[in-house]
Amino acid sequence: ERLDHLYVHESVENVIPPEAFVEAFDGLDVSVDLVGDGESFGETDAVATYVPRPEFLDAGWVHCIRAGYDEFDTEAYEAAGVPLTNSTGIHDTTVSEIAIGYMVSLARLLHVYRDNQNEGNWYTPDYERPFTVENERLCVVGLGTIGQGIAKRADALGMDVVGVRRSDEPVPGVSEIFDPADLHEAIADARFVALALPHTPETEGLISDEEFDVLRDDAYLVNVARGPIVDEDALVDALDQDAIAGAGLDVFETEPLPDDSPLWDFEEVIISPHKGSATNRYHLDIADLVSENIDRYQTGETLRNRVA
Ligand code: NAD
């Protein structure tokens, strides 16, 4: 069965302008429309969406415009025989630049200077405090699209990059690969630990009290993956007790980060509001991926990024 319609669910507005996204499909051989809740779908319809909805299970194919599809019930898609795809593979530049930005700022105190600028302070930090990322060890946990993007850029900055990966296949820019079972060994010597793996039952709470004990007390945690991978109470305790030096966080257990979260108040924590992939051309990157899959669907080829 060929597709004759692509429906863009209004929830895409969480991350991209819906109209610009619809326009990005100009010239496609299917018609493209924006829809809200309460529509019904059939086998010749594709849906591109940010959130899951039960009615999507009647469509021919569903695309989650996020890389993290943990809110989708993959078993239900498999039971319904509806292919589900995600948007992994397009965040190597965007999300990894944010991770690099955190590390450079945490090392060179850009965030501290901006805090002081807000008060009109010409601020001089302690001599010991600023350092270069060059020659510092970075451990990237999860070496997929984003992890490899971080590793490549960190290597170019002269960092000593190691990583944690389920396969021991070499990765460009990564000098040593550890098995997930050896996580503690992998992170023990790191000045920076960057998380770039999906949120799954296996990775939930991966970084908790024990890991903060293992980490150097001058280490920084960078999380651009998903909040629940880090036990946030344990992170707050570690920061309170100076068991680690700081963090760069784009993702949180609860988003938006609640007003009363202690994380807001640490000078050495940089918070971005889950904007790792936010750029002015994100809608085009996603549209390219969806268009490629429409072509594949029409010609009966395997869909790229199929997750169920
Ligand atoms: P990806 O699928 O390309 O890479 C994920 C990698 O993690 C894979 O190589 C996988 O094998 C590995 N992995 C899975 N479980 C692991 C484990 N237990 N130990 C070690 N490695 C493991 O995905 P990606 O595009 O790199 O994105 C990674 C995650 O980042 C996504 O799942 C998403 O949750 C998050 N993300 C966040 C943003 C943001 O805005 N901050 C944007 C995109 C993606």
# chains A, B, ... in the order shown; residues from 1 in each chain; ligands from 1
>>> residues_around(residues="A:Leu110", least_positions_apart="6", cutoff="12 Å", atoms="only C-alpha atoms", output="list of chain:residue names")
A:Gly101, A:Tyr102, A:Met103, A:Val104, A:Asn116, A:Gln117, A:Tyr123, A:Pro125, A:Pro130, A:Phe131, A:Glu267, A:Glu268, A:Val269, A:Ile270
>>> residues_around(residues="stretch 5-10 of chain A", least_positions_apart="2", cutoff="8 Å", atoms="only C-alpha atoms", output="list in words")
Leu3, Val12, Glu13, Pro18, Val22, Val30, Ser31, Val32, Asp33, Leu34, Val35, Gly36, Asp37, Thr44, Asp45, Ala46, Val47, Ala48, Thr49 and Tyr50 of chain A
>>> write_last_selection(atoms="N, CA, C and O atoms", output="PDB file, in the first residue's frame")
ATOM      1  N   LEU A   3       1.616   5.388   0.344  1.00  0.00           N
ATOM      2  CA  LEU A   3       1.112   6.492   1.162  1.00  0.00           C
ATOM      3  C   LEU A   3       0.541   7.557   0.239  1.00  0.00           C
ATOM      4  O   LEU A   3       1.104   7.816  -0.823  1.00  0.00           O
ATOM      5  N   VAL A  12       4.401  18.886  17.036  1.00  0.00           N
ATOM      6  CA  VAL A  12       5.768  19.176  16.575  1.00  0.00           C
ATOM      7  C   VAL A  12       6.183  20.577  16.996  1.00  0.00           C
ATOM      8  O   VAL A  12       7.372  20.896  17.065  1.00  0.00           O
ATOM      9  N   GLU A  13       5.175  21.422  17.297  1.00  0.00           N
ATOM     10  CA  GLU A  13       5.477  22.808  17.699  1.00  0.00           C
ATOM     11  C   GLU A  13       6.321  22.890  18.980  1.00  0.00           C
ATOM     12  O   GLU A  13       6.859  23.945  19.298  1.00  0.00           O
ATOM     13  N   PRO A  18       5.541  24.495  13.012  1.00  0.00           N
ATOM     14  CA  PRO A  18       4.797  23.512  12.209  1.00  0.00           C
ATOM     15  C   PRO A  18       4.624  23.930  10.747  1.00  0.00           C
ATOM     16  O   PRO A  18       4.783  23.100   9.848  1.00  0.00           O
ATOM     17  N   VAL A  22       5.829  21.895   7.419  1.00  0.00           N
ATOM     18  CA  VAL A  22       4.932  21.447   6.339  1.00  0.00           C
ATOM     19  C   VAL A  22       5.460  21.939   4.986  1.00  0.00           C
ATOM     20  O   VAL A  22       5.529  21.186   4.008  1.00  0.00           O
ATOM     21  N   VAL A  30       3.145  13.138  -1.941  1.00  0.00           N
ATOM     22  CA  VAL A  30       2.003  12.928  -1.037  1.00  0.00           C
ATOM     23  C   VAL A  30       1.557  14.298  -0.553  1.00  0.00           C
ATOM     24  O   VAL A  30       2.357  15.226  -0.514  1.00  0.00           O
ATOM     25  N   SER A  31       0.279  14.428  -0.174  1.00  0.00           N
ATOM     26  CA  SER A  31      -0.142  15.726   0.344  1.00  0.00           C
ATOM     27  C   SER A  31       0.187  15.801   1.830  1.00  0.00           C
ATOM     28  O   SER A  31       0.227  14.791   2.533  1.00  0.00           O
ATOM     29  N   VAL A  32       0.462  16.997   2.277  1.00  0.00           N
ATOM     30  CA  VAL A  32       0.935  17.190   3.643  1.00  0.00           C
ATOM     31  C   VAL A  32       0.003  18.159   4.366  1.00  0.00           C
ATOM     32  O   VAL A  32      -0.305  19.231   3.845  1.00  0.00           O
ATOM     33  N   ASP A  33      -0.489  17.768   5.532  1.00  0.00           N
ATOM     34  CA  ASP A  33      -1.389  18.625   6.300  1.00  0.00           C
ATOM     35  C   ASP A  33      -1.081  18.580   7.784  1.00  0.00           C
ATOM     36  O   ASP A  33      -0.654  17.551   8.309  1.00  0.00           O
ATOM     37  N   LEU A  34      -1.362  19.702   8.411  1.00  0.00           N
ATOM     38  CA  LEU A  34      -1.216  19.813   9.858  1.00  0.00           C
ATOM     39  C   LEU A  34      -2.506  19.326  10.522  1.00  0.00           C
ATOM     40  O   LEU A  34      -3.591  19.695  10.073  1.00  0.00           O
ATOM     41  N   VAL A  35      -2.398  18.493  11.560  1.00  0.00           N
ATOM     42  CA  VAL A  35      -3.605  18.020  12.252  1.00  0.00           C
ATOM     43  C   VAL A  35      -3.442  18.145  13.767  1.00  0.00           C
ATOM     44  O   VAL A  35      -2.320  18.176  14.284  1.00  0.00           O
ATOM     45  N   GLY A  36      -4.575  18.190  14.459  1.00  0.00           N
ATOM     46  CA  GLY A  36      -4.590  18.175  15.914  1.00  0.00           C
ATOM     47  C   GLY A  36      -5.030  16.802  16.409  1.00  0.00           C
ATOM     48  O   GLY A  36      -4.950  15.817  15.682  1.00  0.00           O
ATOM     49  N   ASP A  37      -5.510  16.771  17.653  1.00  0.00           N
ATOM     50  CA  ASP A  37      -5.989  15.511  18.217  1.00  0.00           C
ATOM     51  C   ASP A  37      -7.357  15.149  17.639  1.00  0.00           C
ATOM     52  O   ASP A  37      -8.048  16.001  17.091  1.00  0.00           O
ATOM     53  N   THR A  44      -2.986   4.360   4.406  1.00  0.00           N
ATOM     54  CA  THR A  44      -2.274   5.163   3.402  1.00  0.00           C
ATOM     55  C   THR A  44      -1.803   6.490   3.988  1.00  0.00           C
ATOM     56  O   THR A  44      -1.365   7.375   3.262  1.00  0.00           O
ATOM     57  N   ASP A  45      -1.916   6.617   5.313  1.00  0.00           N
ATOM     58  CA  ASP A  45      -1.495   7.845   5.985  1.00  0.00           C
ATOM     59  C   ASP A  45      -0.207   7.633   6.774  1.00  0.00           C
ATOM     60  O   ASP A  45      -0.055   6.626   7.466  1.00  0.00           O
ATOM     61  N   ALA A  46       0.673   8.616   6.663  1.00  0.00           N
ATOM     62  CA  ALA A  46       1.843   8.657   7.542  1.00  0.00           C
ATOM     63  C   ALA A  46       1.625   9.789   8.529  1.00  0.00           C
ATOM     64  O   ALA A  46       0.946  10.775   8.221  1.00  0.00           O
ATOM     65  N   VAL A  47       2.192   9.641   9.736  1.00  0.00           N
ATOM     66  CA  VAL A  47       2.071  10.690  10.744  1.00  0.00           C
ATOM     67  C   VAL A  47       3.469  11.070  11.233  1.00  0.00           C
ATOM     68  O   VAL A  47       4.273  10.185  11.541  1.00  0.00           O
ATOM     69  N   ALA A  48       3.743  12.366  11.287  1.00  0.00           N
ATOM     70  CA  ALA A  48       4.985  12.848  11.912  1.00  0.00           C
ATOM     71  C   ALA A  48       4.570  13.606  13.165  1.00  0.00           C
ATOM     72  O   ALA A  48       3.742  14.517  13.103  1.00  0.00           O
ATOM     73  N   THR A  49       5.122  13.232  14.310  1.00  0.00           N
ATOM     74  CA  THR A  49       4.614  13.761  15.574  1.00  0.00           C
ATOM     75  C   THR A  49       5.693  13.844  16.637  1.00  0.00           C
ATOM     76  O   THR A  49       6.746  13.190  16.515  1.00  0.00           O
ATOM     77  N   TYR A  50       5.425  14.641  17.642  1.00  0.00           N
ATOM     78  CA  TYR A  50       6.323  14.733  18.795  1.00  0.00           C
ATOM     79  C   TYR A  50       5.825  13.824  19.912  1.00  0.00           C
ATOM     80  O   TYR A  50       6.592  13.177  20.584  1.00  0.00           O
TER      81      TYR A  50
END
>>> select_by_dssp(residues="stretch 174-290 of chain A", states="strand (DSSP E)", output="PyMOL selection string")
chain A and resi 176-178+192-195+220-223+246-249+269-271
>>> closest_residue(among="A:Leu197, A:Leu157, A:Val82, A:Leu183", to="A:Arg306", atoms="only C-alpha atoms")
A:Val82
>>> residues_around(residues="stretch 237-254 of chain A", least_positions_apart="5", cutoff="9 Å", atoms="only C-alpha atoms", output="number ranges by chain")
A: 98-99, 102-103, 106, 192, 209, 212-213, 215-232, 263, 266-276
